[in-house]
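Q: Have a peek at final-v2.txt (compact mmCIF, C-alpha atoms (C1' of nucleotides)).
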# COMPACT_ATOMS: atom_id res chain seq x y z
CA MET A 202 24.72 2.36 23.06
CA ALA A 203 23.45 3.59 19.73
CA LYS A 204 20.98 1.71 17.48
CA LYS A 205 19.47 -0.46 20.21
CA LYS A 206 16.35 -2.19 18.92
CA PRO A 207 13.20 -1.45 20.93
CA VAL A 208 12.35 -5.00 21.95
CA ALA A 209 9.37 -4.14 24.15
CA ALA A 210 7.92 -1.97 21.41
CA ASP A 211 8.32 -4.83 18.93
CA GLN A 212 6.19 -7.03 21.15
CA MET A 213 3.32 -4.61 20.63
CA LEU A 214 3.46 -5.22 16.88
CA ARG A 215 3.59 -9.02 17.03
CA LEU A 216 0.61 -10.51 15.18
CA ASP A 217 -0.11 -12.99 17.95
CA ASN A 218 -0.37 -10.20 20.48
CA GLN A 219 -3.08 -8.36 18.55
CA ILE A 220 -6.56 -8.79 19.92
CA CYS A 221 -7.86 -7.32 16.66
CA PHE A 222 -6.39 -10.23 14.75
CA ALA A 223 -7.85 -12.70 17.25
CA VAL A 224 -11.27 -11.18 16.60
CA TYR A 225 -10.77 -10.89 12.85
CA SER A 226 -9.60 -14.48 12.47
CA ALA A 227 -12.30 -15.77 14.83
CA ALA A 228 -14.94 -14.07 12.69
CA HIS A 229 -13.62 -15.96 9.65
CA ALA A 230 -13.55 -19.19 11.64
CA PHE A 231 -17.22 -18.69 12.50
CA THR A 232 -18.24 -18.18 8.89
CA ARG A 233 -16.24 -21.21 7.78
CA PHE A 234 -17.81 -23.28 10.54
CA TYR A 235 -21.31 -22.08 9.66
CA LYS A 236 -20.87 -22.49 5.90
CA PRO A 237 -22.12 -26.09 5.53
CA LEU A 238 -25.02 -25.44 7.92
CA LEU A 239 -26.06 -22.23 6.16
CA ASP A 240 -25.66 -23.77 2.70
CA ARG A 241 -28.49 -26.13 3.63
CA LEU A 242 -30.65 -23.09 4.41
CA GLY A 243 -29.56 -21.32 1.24
CA LEU A 244 -28.12 -18.41 3.23
CA THR A 245 -24.78 -16.66 3.51
CA TYR A 246 -23.67 -15.61 6.97
CA PRO A 247 -24.64 -11.93 6.67
CA GLN A 248 -27.98 -13.03 5.21
CA TYR A 249 -28.43 -15.28 8.24
CA LEU A 250 -27.88 -12.28 10.51
CA VAL A 251 -30.55 -10.34 8.63
CA MET A 252 -32.94 -13.26 8.99
CA LEU A 253 -32.22 -13.40 12.74
CA THR A 254 -33.31 -9.77 13.09
CA LEU A 255 -36.46 -10.40 11.04
CA TRP A 256 -37.39 -13.49 13.04
CA GLU A 257 -37.36 -11.22 16.08
CA ARG A 258 -39.25 -8.36 14.45
CA ASP A 259 -40.79 -8.26 11.02
CA GLY A 260 -41.89 -5.46 8.69
CA VAL A 261 -39.11 -3.10 9.71
CA PRO A 262 -37.38 -0.49 7.52
CA LEU A 263 -33.96 -1.24 6.05
CA LYS A 264 -32.45 1.40 8.31
CA ASP A 265 -33.47 -0.45 11.49
CA ILE A 266 -31.80 -3.63 10.27
CA GLY A 267 -28.72 -1.61 9.42
CA GLU A 268 -28.54 -0.07 12.89
CA ARG A 269 -28.96 -3.46 14.49
CA LEU A 270 -26.19 -5.08 12.40
CA PHE A 271 -23.97 -1.99 11.98
CA LEU A 272 -24.34 -2.16 8.20
CA ASP A 273 -25.29 0.57 5.73
CA SER A 274 -27.53 0.67 2.68
CA GLY A 275 -24.62 -0.01 0.36
CA THR A 276 -24.30 -3.44 1.93
CA LEU A 277 -27.93 -4.15 2.72
CA THR A 278 -29.63 -3.06 -0.50
CA PRO A 279 -28.05 -5.76 -2.69
CA LEU A 280 -28.16 -8.35 0.12
CA LEU A 281 -31.89 -7.79 0.63
CA LYS A 282 -32.49 -7.97 -3.12
CA ARG A 283 -30.89 -11.41 -3.08
CA LEU A 284 -33.06 -12.50 -0.16
CA GLU A 285 -36.07 -11.25 -2.07
CA ALA A 286 -34.98 -13.16 -5.17
CA ALA A 287 -34.76 -16.24 -2.93
CA GLN A 288 -38.40 -15.60 -1.91
CA LEU A 289 -37.52 -15.27 1.77
CA ILE A 290 -38.52 -11.61 2.18
CA LYS A 291 -40.55 -8.93 0.44
CA ARG A 292 -39.46 -5.30 0.02
CA THR A 293 -42.20 -2.67 -0.09
CA ARG A 294 -42.10 1.10 0.03
CA SER A 295 -43.79 2.48 3.14
CA THR A 296 -46.94 4.42 2.30
CA GLU A 297 -46.56 6.77 5.29
CA ASP A 298 -42.94 7.55 4.47
CA GLU A 299 -42.08 6.86 0.88
CA ARG A 300 -38.37 7.06 1.65
CA GLN A 301 -38.50 3.87 3.68
CA VAL A 302 -38.37 0.33 2.35
CA LEU A 303 -40.10 -2.07 4.71
CA ILE A 304 -38.75 -5.60 4.92
CA ALA A 305 -41.24 -8.38 5.61
CA LEU A 306 -40.82 -12.14 5.80
CA THR A 307 -42.59 -14.36 3.32
CA PRO A 308 -44.15 -17.60 4.63
CA GLN A 309 -41.01 -19.42 3.40
CA GLY A 310 -38.84 -16.91 5.21
CA LEU A 311 -40.74 -17.45 8.44
CA ALA A 312 -40.70 -21.23 7.99
CA LEU A 313 -36.94 -21.20 7.63
CA LYS A 314 -36.68 -20.22 11.29
CA GLU A 315 -37.42 -23.76 12.44
CA ARG A 316 -34.59 -25.21 10.36
CA ALA A 317 -32.26 -22.44 11.53
CA ARG A 318 -32.41 -23.66 15.14
CA ALA A 319 -29.76 -26.23 14.23
CA VAL A 320 -27.20 -23.46 13.72
CA PRO A 321 -26.69 -22.11 17.26
CA SER A 322 -26.92 -25.57 18.77
CA SER A 323 -24.23 -26.87 16.40
CA LEU A 324 -21.99 -24.02 17.41
CA LEU A 325 -22.57 -24.68 21.09
CA SER A 326 -21.43 -28.26 20.80
CA ALA A 327 -18.48 -27.42 18.53
CA SER A 328 -17.29 -24.73 20.92
CA ALA A 329 -16.80 -27.23 23.74
CA CYS A 330 -17.88 -24.41 26.05
CA SER A 331 -20.83 -24.03 28.37
CA VAL A 332 -23.58 -21.56 27.59
CA ALA A 333 -22.41 -19.50 30.56
CA GLU A 334 -18.81 -19.40 29.32
CA LEU A 335 -19.85 -18.35 25.82
CA SER A 336 -22.22 -15.76 27.21
CA ALA A 337 -19.54 -14.26 29.42
CA MET A 338 -17.15 -14.07 26.48
CA LYS A 339 -19.85 -12.53 24.33
CA ASN A 340 -20.50 -9.83 26.90
CA GLU A 341 -16.83 -8.92 27.10
CA ILE A 342 -16.53 -8.72 23.32
CA VAL A 343 -19.70 -6.64 23.02
CA ALA A 344 -18.44 -4.27 25.69
CA LEU A 345 -15.18 -3.77 23.81
CA ARG A 346 -17.04 -3.36 20.52
CA ASP A 347 -19.34 -0.73 21.99
CA ARG A 348 -16.41 1.15 23.48
CA LEU A 349 -14.66 1.23 20.09
CA ASN A 350 -17.83 2.35 18.34
CA GLU A 351 -18.21 5.14 20.89
CA VAL A 352 -14.66 6.33 20.23
CA VAL A 353 -15.24 6.23 16.45
CA GLY A 354 -18.45 8.23 16.79
CA GLU A 355 -16.47 10.88 18.74
CA MET B 190 -51.89 -27.51 24.81
CA ALA B 191 -51.25 -27.53 21.09
CA LYS B 192 -49.14 -24.99 19.18
CA LYS B 193 -47.16 -23.72 22.15
CA LYS B 194 -44.32 -21.52 21.00
CA PRO B 195 -40.85 -22.80 22.00
CA VAL B 196 -39.75 -19.79 24.01
CA ALA B 197 -36.46 -21.26 25.23
CA ALA B 198 -35.57 -22.27 21.67
CA ASP B 199 -36.33 -18.74 20.50
CA GLN B 200 -33.80 -17.40 22.94
CA MET B 201 -31.14 -19.38 21.09
CA LEU B 202 -31.92 -17.48 17.88
CA ARG B 203 -31.92 -14.00 19.38
CA LEU B 204 -29.28 -11.84 17.68
CA ASP B 205 -28.00 -10.46 20.97
CA ASN B 206 -27.38 -13.96 22.27
CA GLN B 207 -25.10 -14.90 19.36
CA ILE B 208 -21.42 -14.87 20.17
CA CYS B 209 -20.77 -15.08 16.43
CA PHE B 210 -22.46 -11.72 15.95
CA ALA B 211 -20.52 -10.23 18.84
CA VAL B 212 -17.31 -11.31 17.11
CA TYR B 213 -18.48 -10.30 13.64
CA SER B 214 -19.58 -6.83 14.76
CA ALA B 215 -16.47 -6.38 16.91
CA ALA B 216 -14.30 -7.14 13.87
CA HIS B 217 -16.05 -4.36 11.97
CA ALA B 218 -15.69 -2.02 14.94
CA PHE B 219 -11.94 -2.67 14.92
CA THR B 220 -11.59 -1.85 11.23
CA ARG B 221 -13.65 1.31 11.64
CA PHE B 222 -11.56 2.34 14.62
CA TYR B 223 -8.29 1.65 12.77
CA LYS B 224 -9.37 3.32 9.53
CA PRO B 225 -8.10 6.86 10.22
CA LEU B 226 -4.86 5.50 11.69
CA LEU B 227 -4.22 3.16 8.78
CA ASP B 228 -5.18 5.79 6.20
CA ARG B 229 -2.16 7.76 7.38
CA LEU B 230 0.00 4.72 6.66
CA GLY B 231 -1.68 4.13 3.30
CA LEU B 232 -2.84 0.67 4.39
CA THR B 233 -6.13 -1.17 4.63
CA TYR B 234 -6.66 -3.39 7.64
CA PRO B 235 -5.88 -6.70 5.87
CA GLN B 236 -2.81 -5.06 4.35
CA TYR B 237 -1.77 -4.00 7.86
CA LEU B 238 -2.00 -7.63 8.97
CA VAL B 239 0.23 -8.72 6.09
CA MET B 240 2.74 -6.04 7.01
CA LEU B 241 2.69 -7.23 10.65
CA THR B 242 3.70 -10.72 9.49
CA LEU B 243 6.46 -9.31 7.28
CA TRP B 244 7.84 -7.09 10.04
CA GLU B 245 8.26 -10.30 12.04
CA ARG B 246 9.73 -12.33 9.21
CA ASP B 247 10.64 -11.20 5.74
CA GLY B 248 11.22 -12.95 2.43
CA VAL B 249 8.56 -15.61 3.00
CA PRO B 250 6.38 -17.33 0.39
CA LEU B 251 2.79 -16.21 -0.10
CA LYS B 252 1.61 -19.51 1.32
CA ASP B 253 3.24 -18.89 4.71
CA ILE B 254 1.50 -15.53 5.01
CA GLY B 255 -1.74 -17.22 4.07
CA GLU B 256 -1.37 -19.86 6.77
CA ARG B 257 -0.53 -17.25 9.33
CA LEU B 258 -3.58 -15.11 8.48
CA PHE B 259 -5.94 -17.91 7.42
CA LEU B 260 -6.25 -16.40 3.93
CA ASP B 261 -5.86 -18.05 0.52
CA SER B 262 -4.20 -17.00 -2.71
CA GLY B 263 -7.47 -15.64 -4.07
CA THR B 264 -7.37 -12.98 -1.38
CA LEU B 265 -3.63 -12.49 -1.06
CA THR B 266 -2.58 -12.33 -4.70
CA PRO B 267 -4.41 -9.07 -5.48
CA LEU B 268 -3.70 -7.64 -2.01
CA LEU B 269 0.03 -8.24 -2.41
CA LYS B 270 -0.04 -6.74 -5.89
CA ARG B 271 -1.49 -3.58 -4.37
CA LEU B 272 1.21 -3.53 -1.68
CA GLU B 273 3.80 -3.92 -4.43
CA ALA B 274 2.22 -1.09 -6.41
CA ALA B 275 2.53 1.00 -3.21
CA GLN B 276 6.26 0.16 -3.14
CA LEU B 277 6.03 -1.47 0.28
CA ILE B 278 6.95 -5.01 -0.80
CA LYS B 279 8.55 -6.85 -3.71
CA ARG B 280 7.27 -10.13 -5.14
CA THR B 281 9.85 -12.44 -6.67
CA ARG B 282 9.67 -16.04 -7.88
CA SER B 283 11.80 -18.35 -5.81
CA THR B 284 14.69 -19.80 -7.81
CA GLU B 285 14.76 -23.06 -5.82
CA ASP B 286 11.02 -23.64 -6.21
CA GLU B 287 9.58 -21.74 -9.12
CA ARG B 288 6.05 -22.30 -7.85
CA GLN B 289 6.67 -20.03 -4.89
CA VAL B 290 6.42 -16.25 -4.84
CA LEU B 291 8.61 -14.77 -2.13
CA ILE B 292 7.45 -11.59 -0.44
CA ALA B 293 10.12 -9.16 0.73
CA LEU B 294 9.88 -5.72 2.30
CA THR B 295 11.25 -2.70 0.48
CA PRO B 296 13.13 -0.09 2.54
CA GLN B 297 9.90 1.93 2.61
CA GLY B 298 7.99 -1.12 3.78
CA LEU B 299 10.45 -1.67 6.60
CA ALA B 300 10.46 2.02 7.50
CA LEU B 301 6.70 2.01 7.84
CA LYS B 302 7.06 -0.20 10.91
CA GLU B 303 8.10 2.74 13.06
CA ARG B 304 5.02 4.74 12.16
CA ALA B 305 2.82 1.66 12.70
CA ARG B 306 3.65 1.54 16.41
CA ALA B 307 0.97 4.18 16.95
CA VAL B 308 -1.74 1.69 15.95
CA PRO B 309 -1.66 -0.83 18.82
CA SER B 310 -1.06 1.89 21.40
CA SER B 311 -4.07 3.85 20.15
CA LEU B 312 -6.20 0.75 20.46
CA LEU B 313 -4.96 0.11 23.97
CA SER B 314 -6.02 3.54 25.17
CA ALA B 315 -9.34 3.45 23.30
CA SER B 316 -10.19 0.06 24.78
CA ALA B 317 -10.09 1.40 28.33
CA CYS B 318 -8.70 -2.01 29.28
CA SER B 319 -5.40 -3.07 30.78
CA VAL B 320 -2.91 -5.03 28.71
CA ALA B 321 -3.61 -8.02 30.92
CA GLU B 322 -7.37 -7.82 30.38
CA LEU B 323 -6.99 -7.54 26.62
CA SER B 324 -4.50 -10.38 26.59
CA ALA B 325 -6.81 -12.66 28.57
CA MET B 326 -9.68 -11.88 26.21
CA LYS B 327 -7.46 -12.48 23.21
CA ASN B 328 -6.44 -15.89 24.52
CA GLU B 329 -10.06 -16.92 25.04
CA ILE B 330 -11.01 -15.80 21.54
CA VAL B 331 -8.03 -17.54 19.98
CA ALA B 332 -8.87 -20.75 21.83
CA LEU B 333 -12.42 -20.66 20.50
CA ARG B 334 -11.19 -19.83 17.00
CA ASP B 335 -8.76 -22.74 17.03
CA ARG B 336 -11.44 -25.12 18.26
CA LEU B 337 -13.76 -24.05 15.43
CA ASN B 338 -10.99 -24.39 12.87
CA GLU B 339 -10.26 -27.88 14.18
CA VAL B 340 -13.89 -28.88 13.77
CA VAL B 341 -13.99 -27.45 10.24
CA GLY B 342 -10.84 -29.37 9.29
CA GLU B 343 -12.52 -32.58 10.53
C1' DC C 146 13.01 -42.22 -16.39
C1' DA C 147 7.94 -41.82 -17.04
C1' DC C 148 3.85 -40.25 -15.32
C1' DA C 149 0.36 -39.69 -11.94
C1' DA C 150 -0.47 -37.00 -7.92
C1' DT C 151 0.44 -33.04 -5.33
C1' DT C 152 1.49 -28.25 -4.55
C1' DA C 153 1.87 -22.94 -5.18
C1' DG C 154 -0.18 -19.19 -7.27
C1' DA C 155 -3.26 -16.94 -10.39
C1' DT C 156 -7.86 -16.25 -12.22
C1' DT C 157 -12.92 -15.95 -12.30
C1' DG C 158 -17.26 -15.35 -10.22
C1' DT C 159 -20.27 -14.30 -6.27
C1' DG C 160 -21.07 -11.83 -2.15
C1' DT C 161 -20.06 -8.78 1.32
C1' DA C 162 -18.21 -3.96 3.40
C1' DC C 163 -17.89 0.77 3.03
C1' DA C 164 -16.79 5.55 1.19
C1' DA C 165 -18.73 8.80 -1.80
C1' DT C 166 -22.28 10.37 -4.38
C1' DA C 167 -27.07 10.79 -6.18
C1' DT C 168 -32.07 11.20 -5.61
C1' DA C 169 -36.37 11.58 -3.82
C1' DG C 170 -39.25 12.40 -0.05
C1' DA C 171 -40.05 14.60 4.55
C1' DA C 172 -39.37 18.09 8.01
C1' DA C 173 -38.12 22.74 9.55
C1' DG C 174 -37.81 27.59 9.30
C1' DC C 175 -39.34 31.72 7.59
C1' DG D 125 -46.16 28.23 0.61
C1' DC D 126 -41.32 28.00 -0.29
C1' DT D 127 -36.84 26.92 0.40
C1' DT D 128 -33.25 24.90 3.08
C1' DT D 129 -32.02 20.99 5.46
C1' DC D 130 -32.27 16.45 6.70
C1' DT D 131 -33.25 11.56 5.99
C1' DA D 132 -33.78 6.83 3.67
C1' DT D 133 -32.38 4.33 0.13
C1' DA D 134 -29.86 3.36 -4.17
C1' DT D 135 -25.67 3.42 -6.99
C1' DT D 136 -20.73 3.32 -8.08
C1' DG D 137 -16.10 2.14 -7.19
C1' DT D 138 -12.50 -0.11 -4.43
C1' DA D 139 -11.06 -3.85 -1.59
C1' DC D 140 -11.52 -7.91 0.66
C1' DA D 141 -13.05 -13.24 1.23
C1' DC D 142 -13.59 -17.59 -0.66
C1' DA D 143 -15.18 -21.44 -3.82
C1' DA D 144 -13.91 -23.35 -8.06
C1' DT D 145 -10.95 -23.86 -11.69
C1' DC D 146 -6.53 -23.44 -14.22
C1' DT D 147 -1.51 -23.67 -15.01
C1' DA D 148 3.01 -24.67 -14.11
C1' DA D 149 6.37 -26.77 -11.21
C1' DT D 150 7.66 -30.44 -8.00
C1' DT D 151 7.32 -34.84 -5.82
C1' DG D 152 6.27 -39.70 -5.44
C1' DT D 153 5.98 -44.34 -7.36
C1' DG D 154 6.98 -48.09 -10.02
When written as structure tokens, how does the structure in this file appear?
A:
Amino acid sequence: MAKKKPVAADQMLRLDNQICFAVYSAAHAFTRFYKPLLDRLGLTYPQYLVMLTLWERDGVPLKDIGERLFLDSGTLTPLLKRLEAAQLIKRTRSTEDERQVLIALTPQGLALKERARAVPSSLLSASACSVAELSAMKNEIVALRDRLNEVVGE
Amino acid sequence: MAKKKPVAADQMLRLDNQICFAVYSAAHAFTRFYKPLLDRLGLTYPQYLVMLTLWERDGVPLKDIGERLFLDSGTLTPLLKRLEAAQLIKRTRSTEDERQVLIALTPQGLALKERARAVPSSLLSASACSVAELSAMKNEIVALRDRLNEVVGE
DNA sequence: CACAATTAGATTGTGTACAATATAGAAAGC
DNA sequence: GCTTTCTATATTGTACACAATCTAATTGTG
């Protein structure tokens, strides 16, 4: 019995069996779903995430936003410059620590929060899930994410 | 009682309550986790996904790969050119339909499959989940993804 | 058969992601 | 105080993603 194909092993490599692809393709589905909603707000999806953090807490250094969103300065620096060009935020060097750039909302940036409430509620209805179902799913995904990030960080 | 802040509505906008962010950040966690494994194979994560489809079925037009992965020619054309430059695939115009570019594995591309088996098994052990747990999660995520894609496609 | 409409890929432009590097400021150790 | 080290951000280069547009090939219709 030479040259027998490892059928069980092949199952492991099937695209539809990969949870990573489920997550990857779901992430794209989210951004495609959000696109028309965010276009009205003049935001891209990653910009929307940054705004979410600022609507919770304002005047924070770039680094804090990066830790919250798992993004580094190479991503955030140009993104924040675009948000500043759109008059939604202001970037100022901290006087206590000149290395830090503090990100603050402009009045327009704060005002955008009210119009942004349409986004999560649209998703809720499109999902055809209950808040509890989505929340349970979210917790599972976050737990897996945190476990992977732990492994990556040794 | 004028100017009362809508506390419940604010909960909807909290970053940690967004399933989209859970998915988005989990997708990044996956690519970071896979990075050292895929570096050994000389692949990026999206390239790995393309190879997964080709290991299942070879000699398919670009369009089929795109439908499988939810990616368009703007993404796949340069990605496939890089895979061809790496000698893992060959791109040839179909003779029956000259609009189509057929993607076929090279012997090296096929051989890479054996070394790729380490990737899903590494994830499985890092996840600290059972195959059944991961599979159940995957199915939930795929169901949500498909529902969102339905809504986007009217 | 002619010709409009459709389809498959490629190209261009904008916007993430992230590794690697650079720089300037702050903190630590002596 | 001085120097080494660390930290926060910026910059550069590579690789996705995707909208919009373009071209060439095929299909559909009269």
Q: Record the distance separating CA of Val332 in chain A and CA of Cys209 in chain B, expressed in Å with one decimal.
A: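 So the answer is 13.2 Å.
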Q: Near DA149 in chain C, counting all atoms listed in the file, which residues have an atom at most 12 Å away, once you skip same-chain residues fewer than 5 positions from it, shown as a short mmCIF file (atom, residue, chain, number, x, y, z; two decimals) with C-alpha atoms (C1' of nucleotides), in the frame of the given file?
A:
data_model
loop_
_atom_site.label_atom_id
_atom_site.label_comp_id
_atom_site.auth_asym_id
_atom_site.auth_seq_id
_atom_site.Cartn_x
_atom_site.Cartn_y
_atom_site.Cartn_z
"C1'" DT D 151 7.32 -34.84 -5.82
"C1'" DG D 152 6.27 -39.70 -5.44
"C1'" DT D 153 5.98 -44.34 -7.36
"C1'" DG D 154 6.98 -48.09 -10.02
#
Q: With only C-alpha atoms (C1' of nucleotides) as the counted atoms, please give the residues lying no more than 12 Å from DG174 in chain C, apart from itself and same-chain residues fewer than 3 positions off, as an MDAnalysis selection string.
A: chainID D and resid 126:129
Q: Give me, as CSV, each residue of chain A that comes within 10 Å of chain C, together with its shortest interatomic pair and the distance in Å at one decimal, counting only C-alpha atoms (C1' of nucleotides), with rows ordered by chain and rising residue number.
A:
residue,atom,partner,partner_atom,distance
A:Thr245,CA,C:DG160,C1',8.3
A:Tyr246,CA,C:DT161,C1',9.6
A:Pro247,CA,C:DT161,C1',7.7
A:Gln248,CA,C:DT161,C1',9.8
A:Leu272,CA,C:DA162,C1',8.0
A:Asp273,CA,C:DC163,C1',7.9
A:Ser274,CA,C:DC163,C1',9.6
A:Gly275,CA,C:DC163,C1',7.3
A:Thr276,CA,C:DA162,C1',6.3
A:Leu277,CA,C:DT161,C1',9.2
A:Pro279,CA,C:DG160,C1',9.3
A:Leu280,CA,C:DT161,C1',8.2
A:Arg283,CA,C:DG160,C1',9.9
A:Asp298,CA,C:DG170,C1',7.6
A:Glu299,CA,C:DG170,C1',6.3
A:Arg300,CA,C:DG170,C1',5.7
A:Gln301,CA,C:DG170,C1',9.3
Q: Pull C-alpha atoms from the residues just selected and write them as a PDB file, in the frame of the given file.
A:
ATOM      1  CA  THR A 245     -24.780 -16.660   3.510  1.00  0.00           C
ATOM      2  CA  TYR A 246     -23.670 -15.610   6.970  1.00  0.00           C
ATOM      3  CA  PRO A 247     -24.640 -11.930   6.670  1.00  0.00           C
ATOM      4  CA  GLN A 248     -27.980 -13.030   5.210  1.00  0.00           C
ATOM      5  CA  LEU A 272     -24.340  -2.160   8.200  1.00  0.00           C
ATOM      6  CA  ASP A 273     -25.290   0.570   5.730  1.00  0.00           C
ATOM      7  CA  SER A 274     -27.530   0.670   2.680  1.00  0.00           C
ATOM      8  CA  GLY A 275     -24.620  -0.010   0.360  1.00  0.00           C
ATOM      9  CA  THR A 276     -24.300  -3.440   1.930  1.00  0.00           C
ATOM     10  CA  LEU A 277     -27.930  -4.150   2.720  1.00  0.00           C
ATOM     11  CA  PRO A 279     -28.050  -5.760  -2.690  1.00  0.00           C
ATOM     12  CA  LEU A 280     -28.160  -8.350   0.120  1.00  0.00           C
ATOM     13  CA  ARG A 283     -30.890 -11.410  -3.080  1.00  0.00           C
ATOM     14  CA  ASP A 298     -42.940   7.550   4.470  1.00  0.00           C
ATOM     15  CA  GLU A 299     -42.080   6.860   0.880  1.00  0.00           C
ATOM     16  CA  ARG A 300     -38.370   7.060   1.650  1.00  0.00           C
ATOM     17  CA  GLN A 301     -38.500   3.870   3.680  1.00  0.00           C
TER      18      GLN A 301
END
Q: Show me, as a list in words, the residues that have an atom within 10 Å of Pro296 in chain B when counting all atoms listed in the file, minus same-chain residues fewer than 6 positions from it.
A: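 Here the qualifying residues turn out to be Gln276, Leu277 and Ile278 of chain B.
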Q: Find, counting all atoms listed in the file, the residue in B:Arg203, B:Arg334, B:Arg306, B:Arg280 that gets nearest to Asp247 in chain B.
A: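 Of B:Arg203, B:Arg334, B:Arg306, B:Arg280, the one nearest Asp247 in chain B is B:Arg280, counting all atoms listed in the file.
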Q: Quick one: of D:DT150, D:DT138, D:DG125, D:DA132, who's nearest to chain A, counting only C-alpha atoms (C1' of nucleotides)?
A: D:DA132
Q: Give me, as a PyMOL selection string, the contact residues of chain A against chain B at a cut-off of 9 Å, counting all atoms listed in the file.
A: chain A and resi 210-211+213-216+218-234+250+253-254+256-257+269-271+314+317-318+320-322+324+327-330+335-336+338-343+345-350+352-353
Q: Within 10 Å of chain B, which residues of chain D show up when using all atoms listed in the file, listed as a PDB file with C-alpha atoms (C1' of nucleotides), in the coordinates of the input?
A:
ATOM      1  C1'  DA D 139     -11.060  -3.850  -1.590  1.00  0.00           C
ATOM      2  C1'  DC D 140     -11.520  -7.910   0.660  1.00  0.00           C
ATOM      3  C1'  DA D 141     -13.050 -13.240   1.230  1.00  0.00           C
ATOM      4  C1'  DC D 142     -13.590 -17.590  -0.660  1.00  0.00           C
ATOM      5  C1'  DA D 143     -15.180 -21.440  -3.820  1.00  0.00           C
ATOM      6  C1'  DA D 148       3.010 -24.670 -14.110  1.00  0.00           C
ATOM      7  C1'  DA D 149       6.370 -26.770 -11.210  1.00  0.00           C
ATOM      8  C1'  DT D 150       7.660 -30.440  -8.000  1.00  0.00           C
TER       9       DT D 150
END
Q: In Å to one decimal, how far is CA of Glu256 in chain B from CA of Arg229 in chain B?
A: 27.6 Å
Q: CA of Glu285 in chain B and CA of Gly255 in chain B are how many Å apart?
A: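 Taking CA of Glu285 in chain B as the start and CA of Gly255 in chain B as the end point, the length is 20.1 Å.
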